[in-house]
Amino acid sequence: MDADKHFIVGVFDDEEVLLKGIGKIRGNGVKIHDVYSPFPVHGIDDALSIKRSRLPIAAFMFGMTGTALALLMQIWMLGYDWPMIIGGKNHASLPPFIPVTFELTVLLAALGMVGTFFIASDMKPYKWPRQFDLRSTEDKHVMAIDLAINSGKTKDELRSLLRDSGASEVNEKSFE
Amino acid sequence: MQVASSLREALITGGKTVKDVSHDISRHVENKPTKLWWAAMAISVAVMAYGFYCLCYLLWEGVGVWGLNKTVGWAWDITNFVWWVGIGHAGTLISAILLLFRQRWRMSINRAAEAMTIFAVICAATFPFAHMGRLWLGFYWVFPLPNTWGSLWANFNSPLLWDVFAISTYFTVSLVFWYMGLIPDFAVIRDRAVVQGAKIRAQVYNALSFGWQGGAKTWMRYESVALILAGLSTPLVLSVHTIVSMDFATSVIPGWHTTIFPPYFVAGAIFSGFAMVLTLLLITRKVFKLEDYITIYHIELMNIIIIITGSIVGIAYITELFIAWYSGVEYEGYAFYNRVSGPFAWSYWSMMTCNVISPQLFWVKKIRTSLVATFVLSIVVNIGMWFERFVIIVTSLHRDYIPSSWTMFSPTMYDIGEYLFTFGFFFTAFLLFAKFFPVINMAEVKSIVKVASLEKKENASH
């Protein structure tokens, strides 16, 4: 059986039951493919041992790029390329450059981070996602378990494990 | 799980379940628009069309068609610009600052408030661009683009240029923040469309949702993006009106050359923004029957913010008057004497009544929990805030240093027409938003719905 094609899908009604269920299922040595929720469930990252996102680092790097670019641009334009005396001040003095530097820092940090988020999460407008259960955006928490990866357990074992862990429904889903 | 104090009032009433939230909000997108919507749309588009004619005439003829003269070089245009930018501030305050302070009541109102921010900033931007007259050259004047005059670069020492960067960054970041919030909700509409067999709608909303799936890791990343965007937007929103105030404060005009302008402008912006949010939400809530999501409690909290910011604005007015006398600077003294008792005194006293006295009525609980009173006062506040900018700009300019240049300002039909254009645009855009986008952040509301309904059960068992 190929990996990433055939799944057992458990549907949970409540996020607390889900969190306990995840612990139980993982305790039985089953690897969970992913859990799809209509809203962010707090504590699910610990339950699934998801590492902390590195997006803040990306945001910081983009922000620093913005700071550097803004300063270089202003100092080069007003200090070197076309120096002008404005109000009897230095050609390139730092204080009046702060507002634009701040704005460009924020702009690049925000756009860069959001762009990174889309790339990291593999989200694009023309992509139709694999839907394990259409109710996962509406009101259900949907847990997908890859059958090929968990070949140590039979389908029936996985089904009853999901039931015991609090799933209100257990289905099978295959993708071509 | 999330815990809410039982002392607090429930944020969502009516015993809603998670499924109800999807249904109550999505159905406005799925159903055909009502007759009322079409009627409102027709009026907005008609007003916008008339305003657009005025705008085109201005671009054809030149800025002279406005009522400006050599002494009063800024009047309705910049008044309207500052007024609209200020209105936008409430959206960012609700979505960013209240997120950092973990105020959950923001969740039912942030979507509409952010939409309002974006449309208000677009309205604001039309005025400086129209004021340039030769719009097609404007981009060379305000952005550092290579040009055939040297390149002669834009002047980074000028607050007017800082303003360009501040407003355009503010617009972009607000738009991104708003859109990020919409992504999971677009996916809700997509999945409902699949179930309902609406193929085109499913495709469109899938593209809008960037193929959102809602996996655990994606949600975690998504929340960290939202938190950082909030952290970035908070200083950003404070910087925007600070820089707008510097357009005035760094000049040498008596009445503008004032160090308290930045905090005073920011408070005024939030004050008028919340008033506009209330005006819009009271209508939206009624038309879309969202009384269980936007409760009296939400309205009361917003009115409390209006009391606070309105009082800050009131103190700023009085401080200005006091300093004008106490500084002993005769120009400053005259500027304020002229405001209080000169030919434009009516606008000064309208401003004082609307902004200083009217928000104080909200100290009375009956008034701040009354829908009618809130609606009327929210409009009064925005009239007052318009007069504030008019007073600052026109009364400071119309009495120039040399009495021979003293003059008055009166608007022409083109001044009024362009203001109407922005109103037409604003309401057209808001109506389109209300029809095609979910007006309440479903994903966020769903995360607190259980707490709300648990409380209800507990209260019933006591």
# chains A, B, ... in the order shown; residues from 1 in each chain; ligands from 1

$ closest_atom_pairs --of "range 188-278 of chain B" --to "range 57-60 of chain A" --cutoff "12 Å" --atoms "only C-alpha atoms" --output "Markdown table"
| residue | atom | partner | partner_atom | distance |
| --- | --- | --- | --- | --- |
| B:Arg221 | CA | A:Ala58 | CA | 11.9 |
| B:Ser224 | CA | A:Ala59 | CA | 10.5 |
| B:Val225 | CA | A:Ala59 | CA | 8.9 |
| B:Ala226 | CA | A:Ala59 | CA | 11.8 |
| B:Leu227 | CA | A:Ala59 | CA | 11.4 |
| B:Ile228 | CA | A:Ala59 | CA | 8.0 |
| B:Leu229 | CA | A:Ala59 | CA | 9.4 |
| B:Gly231 | CA | A:Ala59 | CA | 11.2 |
| B:Leu232 | CA | A:Ala59 | CA | 9.9 |

$ interface_residues --of "chain B" --to "chain A" --cutoff "6 Å" --atoms "only C-alpha atoms" --output "list in words"
Val18, Lys19, Asn157, Trp162, Ala166, Thr169, Val188, Asp191, Ala207, Phe210, Gly211, Gly214, Gly215, Ala216, Trp219, Arg221, Ala443 and Ser447 of chain B

$ write_last_selection --atoms "N, CA and C atoms" --output "short mmCIF file (atom, residue, chain, number, x, y, z; two decimals), in the first residue's frame"
data_model
loop_
_atom_site.label_atom_id
_atom_site.label_comp_id
_atom_site.auth_asym_id
_atom_site.auth_seq_id
_atom_site.Cartn_x
_atom_site.Cartn_y
_atom_site.Cartn_z
N VAL B 18 -21.10 25.92 17.54
CA VAL B 18 -20.09 26.21 16.52
C VAL B 18 -20.72 26.17 15.12
N LYS B 19 -21.63 25.21 14.93
CA LYS B 19 -22.29 25.08 13.62
C LYS B 19 -23.18 26.30 13.32
N ASN B 157 13.29 64.71 4.29
CA ASN B 157 13.23 65.50 5.52
C ASN B 157 11.82 66.02 5.79
N TRP B 162 6.98 61.62 4.81
CA TRP B 162 6.83 60.55 5.82
C TRP B 162 5.39 60.05 5.79
N ALA B 166 3.95 56.43 5.60
CA ALA B 166 3.15 55.94 6.72
C ALA B 166 1.80 55.43 6.23
N THR B 169 2.15 52.26 3.94
CA THR B 169 2.48 51.07 4.73
C THR B 169 1.27 50.65 5.56
N VAL B 188 -14.54 28.17 4.89
CA VAL B 188 -15.85 27.71 5.39
C VAL B 188 -16.89 27.85 4.28
N ASP B 191 -16.36 25.20 1.56
CA ASP B 191 -16.81 23.84 1.89
C ASP B 191 -18.33 23.76 1.94
N ALA B 207 -10.07 29.84 -4.24
CA ALA B 207 -8.95 30.69 -4.65
C ALA B 207 -8.72 31.78 -3.61
N PHE B 210 -6.85 30.57 -0.63
CA PHE B 210 -5.52 30.02 -0.90
C PHE B 210 -5.47 28.52 -0.61
N GLY B 211 -6.59 27.82 -0.82
CA GLY B 211 -6.61 26.38 -0.57
C GLY B 211 -6.43 26.03 0.90
N GLY B 214 -6.62 24.02 7.24
CA GLY B 214 -6.81 24.09 8.70
C GLY B 214 -6.15 22.98 9.47
N GLY B 215 -5.01 22.48 9.00
CA GLY B 215 -4.25 21.48 9.76
C GLY B 215 -3.65 22.10 11.02
N ALA B 216 -3.27 21.22 11.96
CA ALA B 216 -2.79 21.72 13.26
C ALA B 216 -1.57 22.63 13.09
N TRP B 219 -2.50 26.01 11.54
CA TRP B 219 -3.14 26.89 12.53
C TRP B 219 -2.11 27.51 13.46
N ARG B 221 1.09 28.11 12.82
CA ARG B 221 1.80 29.15 12.08
C ARG B 221 0.90 30.37 11.90
N ALA B 443 -13.94 32.02 12.52
CA ALA B 443 -12.98 31.14 13.20
C ALA B 443 -12.74 31.62 14.62
N SER B 447 -13.99 29.92 18.45
CA SER B 447 -13.11 29.51 19.54
C SER B 447 -13.62 29.99 20.89
#

$ atom_distance --atom1 "CA of Ser44 in chain B" --atom2 "CA of Phe423 in chain B"
7.7 Å

$ residues_around --residues "Met246 in chain B" --least-positions-apart "3" --cutoff "8 Å" --atoms "only C-alpha atoms" --output "tab-separated table (two decimals) with all heavy atoms, in the first residue's frame"
chain	number	residue	atom	x	y	z
B	159	PRO	N	7.82	65.96	6.55
B	159	PRO	CA	6.76	65.13	7.14
B	159	PRO	C	5.72	64.73	6.10
B	159	PRO	O	5.08	63.70	6.24
B	159	PRO	CB	6.12	66.02	8.19
B	159	PRO	CG	7.10	67.09	8.46
B	159	PRO	CD	7.93	67.26	7.23
B	242	THR	N	0.48	60.10	14.25
B	242	THR	CA	1.56	60.95	14.75
B	242	THR	C	2.17	61.72	13.57
B	242	THR	O	2.36	62.94	13.63
B	242	THR	CB	2.64	60.08	15.41
B	242	THR	OG1	2.04	59.40	16.49
B	242	THR	CG2	3.80	60.90	15.90
B	243	ILE	N	2.43	60.98	12.50
B	243	ILE	CA	3.05	61.62	11.33
B	243	ILE	C	2.07	62.57	10.66
B	243	ILE	O	2.46	63.67	10.24
B	243	ILE	CB	3.61	60.54	10.38
B	243	ILE	CG1	4.79	59.84	11.06
B	243	ILE	CG2	4.04	61.15	9.06
B	243	ILE	CD1	5.35	58.67	10.30
B	249	ALA	N	2.40	70.04	12.87
B	249	ALA	CA	3.19	70.43	14.04
B	249	ALA	C	4.60	70.90	13.69
B	249	ALA	O	5.19	71.70	14.41
B	249	ALA	CB	3.26	69.27	15.03
B	250	THR	N	5.18	70.42	12.59
B	250	THR	CA	6.54	70.85	12.26
B	250	THR	C	6.55	72.16	11.47
B	250	THR	O	7.61	72.63	11.08
B	250	THR	CB	7.28	69.78	11.43
B	250	THR	OG1	6.54	69.53	10.26
B	250	THR	CG2	7.48	68.50	12.21
B	261	PHE	N	0.43	67.75	19.56
B	261	PHE	CA	-0.34	67.21	18.44
B	261	PHE	C	-0.31	65.68	18.31
B	261	PHE	O	-1.36	65.09	18.13
B	261	PHE	CB	0.11	67.87	17.13
B	261	PHE	CG	-0.79	68.99	16.70
B	261	PHE	CD1	-1.63	69.63	17.60
B	261	PHE	CD2	-0.82	69.42	15.37
B	261	PHE	CE1	-2.46	70.66	17.21
B	261	PHE	CE2	-1.65	70.45	14.96
B	261	PHE	CZ	-2.47	71.07	15.88
B	262	PRO	N	0.87	65.03	18.38
B	262	PRO	CA	0.82	63.57	18.13
B	262	PRO	C	-0.16	62.80	19.04
B	262	PRO	O	-1.07	62.16	18.51
B	262	PRO	CB	2.27	63.14	18.29
B	262	PRO	CG	3.03	64.35	17.86
B	262	PRO	CD	2.24	65.52	18.40

$ select_by_dssp --residues "range 235-308 of chain B" --states "helix (DSSP H, G or I)" --output "JSON, numbers by chain"
{"B": [235, 236, 237, 238, 239, 240, 241, 242, 243, 244, 245, 246, 247, 248, 249, 261, 262, 263, 264, 265, 266, 267, 268, 269, 270, 271, 272, 273, 274, 275, 276, 277, 278, 279, 280, 281, 282, 283, 284, 285, 286, 287, 296, 297, 298, 299, 300, 301, 302, 303, 304, 305, 306, 307, 308]}

$ residues_around --residues "range 58-62 of chain B" --least-positions-apart "6" --cutoff "8 Å" --atoms "only C-alpha atoms" --output "list in words"
Ala130, Gly133, Arg134, Leu135 and Tyr414 of chain B

$ select_by_dssp --residues "range 60-155 of chain A" --states "strand (DSSP E)" --output "list of chain:residue names"
A:His141, A:Val142, A:Met143, A:Ala144, A:Ile145, A:Asp146

$ write_last_selection --atoms "N, CA, C and O atoms" --output "CSV table (one decimal), in the first residue's frame"
chain,number,residue,atom,x,y,z
A,141,HIS,N,-13.6,18.5,14.4
A,141,HIS,CA,-12.2,18.3,14.3
A,141,HIS,C,-11.9,17.0,13.7
A,141,HIS,O,-12.5,15.9,14.1
A,142,VAL,N,-11.1,17.0,12.6
A,142,VAL,CA,-11.0,15.8,11.8
A,142,VAL,C,-9.5,15.3,11.9
A,142,VAL,O,-8.6,16.0,11.5
A,143,MET,N,-9.4,14.0,12.3
A,143,MET,CA,-8.1,13.5,12.5
A,143,MET,C,-7.8,12.4,11.4
A,143,MET,O,-8.6,11.6,11.1
A,144,ALA,N,-6.7,12.6,10.6
A,144,ALA,CA,-6.4,11.7,9.6
A,144,ALA,C,-5.2,10.8,10.0
A,144,ALA,O,-4.2,11.3,10.5
A,145,ILE,N,-5.4,9.5,9.8
A,145,ILE,CA,-4.3,8.6,10.1
A,145,ILE,C,-3.9,7.8,8.8
A,145,ILE,O,-4.8,7.2,8.2
A,146,ASP,N,-2.7,7.9,8.4
A,146,ASP,CA,-2.2,7.3,7.2
A,146,ASP,C,-2.1,5.8,7.4
A,146,ASP,O,-1.4,5.3,8.3

$ residues_around --residues "Leu158 in chain A" --least-positions-apart "2" --cutoff "10 Å" --atoms "only C-alpha atoms" --output "list of chain:residue names"
A:Ile8, A:Val9, A:Gly10, A:Ile25, A:Asn28, A:Val30, A:Ile145, A:Leu147, A:Asn150, A:Lys153, A:Thr154, A:Lys155, A:Asp156, A:Ser160, A:Leu161, A:Leu162, A:Arg163, A:Asp164, A:Val170

$ residues_around --residues "Leu18 in chain A" --least-positions-apart "6" --cutoff "8 Å" --atoms "only C-alpha atoms" --output "compact mmCIF listing (two decimals) with N, CA and C atoms, in the first residue's frame"
# COMPACT_ATOMS: atom_id res chain seq x y z
N PHE A 12 -14.14 14.27 15.46
CA PHE A 12 -14.34 14.60 16.88
C PHE A 12 -15.25 15.83 16.98
N HIS A 141 -13.64 18.47 14.37
CA HIS A 141 -12.19 18.31 14.33
C HIS A 141 -11.93 16.95 13.66
N SER A 165 -11.06 6.50 21.67
CA SER A 165 -10.46 7.80 22.02
C SER A 165 -11.47 8.93 21.93
N GLY A 166 -12.70 8.62 21.58
CA GLY A 166 -13.73 9.66 21.63
C GLY A 166 -14.21 10.15 20.29
N ALA A 167 -13.77 9.52 19.19
CA ALA A 167 -14.25 9.96 17.87
C ALA A 167 -15.73 9.61 17.74

$ closest_residue --among "A:Val17, A:Phe175, A:Gly112, A:Ile149" --to "Ile32 in chain A" --atoms "only C-alpha atoms"
A:Ile149

$ closest_atom_pairs --of "range 198-304 of chain B" --to "range 352-374 of chain B" --cutoff "12 Å" --atoms "only C-alpha atoms" --output "Markdown table"
| residue | atom | partner | partner_atom | distance |
| --- | --- | --- | --- | --- |
| B:Ala267 | CA | B:Asn355 | CA | 11.7 |
| B:Gly268 | CA | B:Asn355 | CA | 9.1 |
| B:Ala269 | CA | B:Asn355 | CA | 11.9 |
| B:Phe271 | CA | B:Asn355 | CA | 9.0 |
| B:Ser272 | CA | B:Asn355 | CA | 9.3 |
| B:Phe274 | CA | B:Thr374 | CA | 11.1 |
| B:Ala275 | CA | B:Thr374 | CA | 8.7 |
| B:Met276 | CA | B:Thr374 | CA | 11.0 |
| B:Val277 | CA | B:Thr374 | CA | 11.2 |
| B:Leu278 | CA | B:Thr374 | CA | 7.5 |
| B:Thr279 | CA | B:Thr374 | CA | 8.2 |
| B:Leu280 | CA | B:Thr374 | CA | 11.5 |
| B:Leu281 | CA | B:Leu371 | CA | 10.8 |
| B:Leu282 | CA | B:Leu371 | CA | 7.5 |
| B:Ile283 | CA | B:Leu371 | CA | 10.2 |
| B:Arg285 | CA | B:Leu371 | CA | 11.0 |
| B:Lys286 | CA | B:Leu371 | CA | 10.5 |
| B:Glu291 | CA | B:Leu371 | CA | 11.5 |
| B:Ile294 | CA | B:Leu371 | CA | 11.8 |
| B:Thr295 | CA | B:Thr369 | CA | 9.9 |
| B:Ile296 | CA | B:Thr369 | CA | 6.1 |
| B:Tyr297 | CA | B:Thr369 | CA | 7.7 |
| B:His298 | CA | B:Thr369 | CA | 9.5 |
| B:Ile299 | CA | B:Thr369 | CA | 7.0 |
| B:Glu300 | CA | B:Thr369 | CA | 5.6 |
| B:Leu301 | CA | B:Arg368 | CA | 8.8 |
| B:Met302 | CA | B:Arg368 | CA | 9.1 |
| B:Asn303 | CA | B:Arg368 | CA | 6.1 |
| B:Ile304 | CA | B:Phe362 | CA | 7.2 |

$ residues_around --residues "Phe390 in chain B" --least-positions-apart "6" --cutoff "8 Å" --atoms "only C-alpha atoms" --output "list of chain:residue names"
B:Ala75, B:Trp76, B:Thr79, B:Ser347
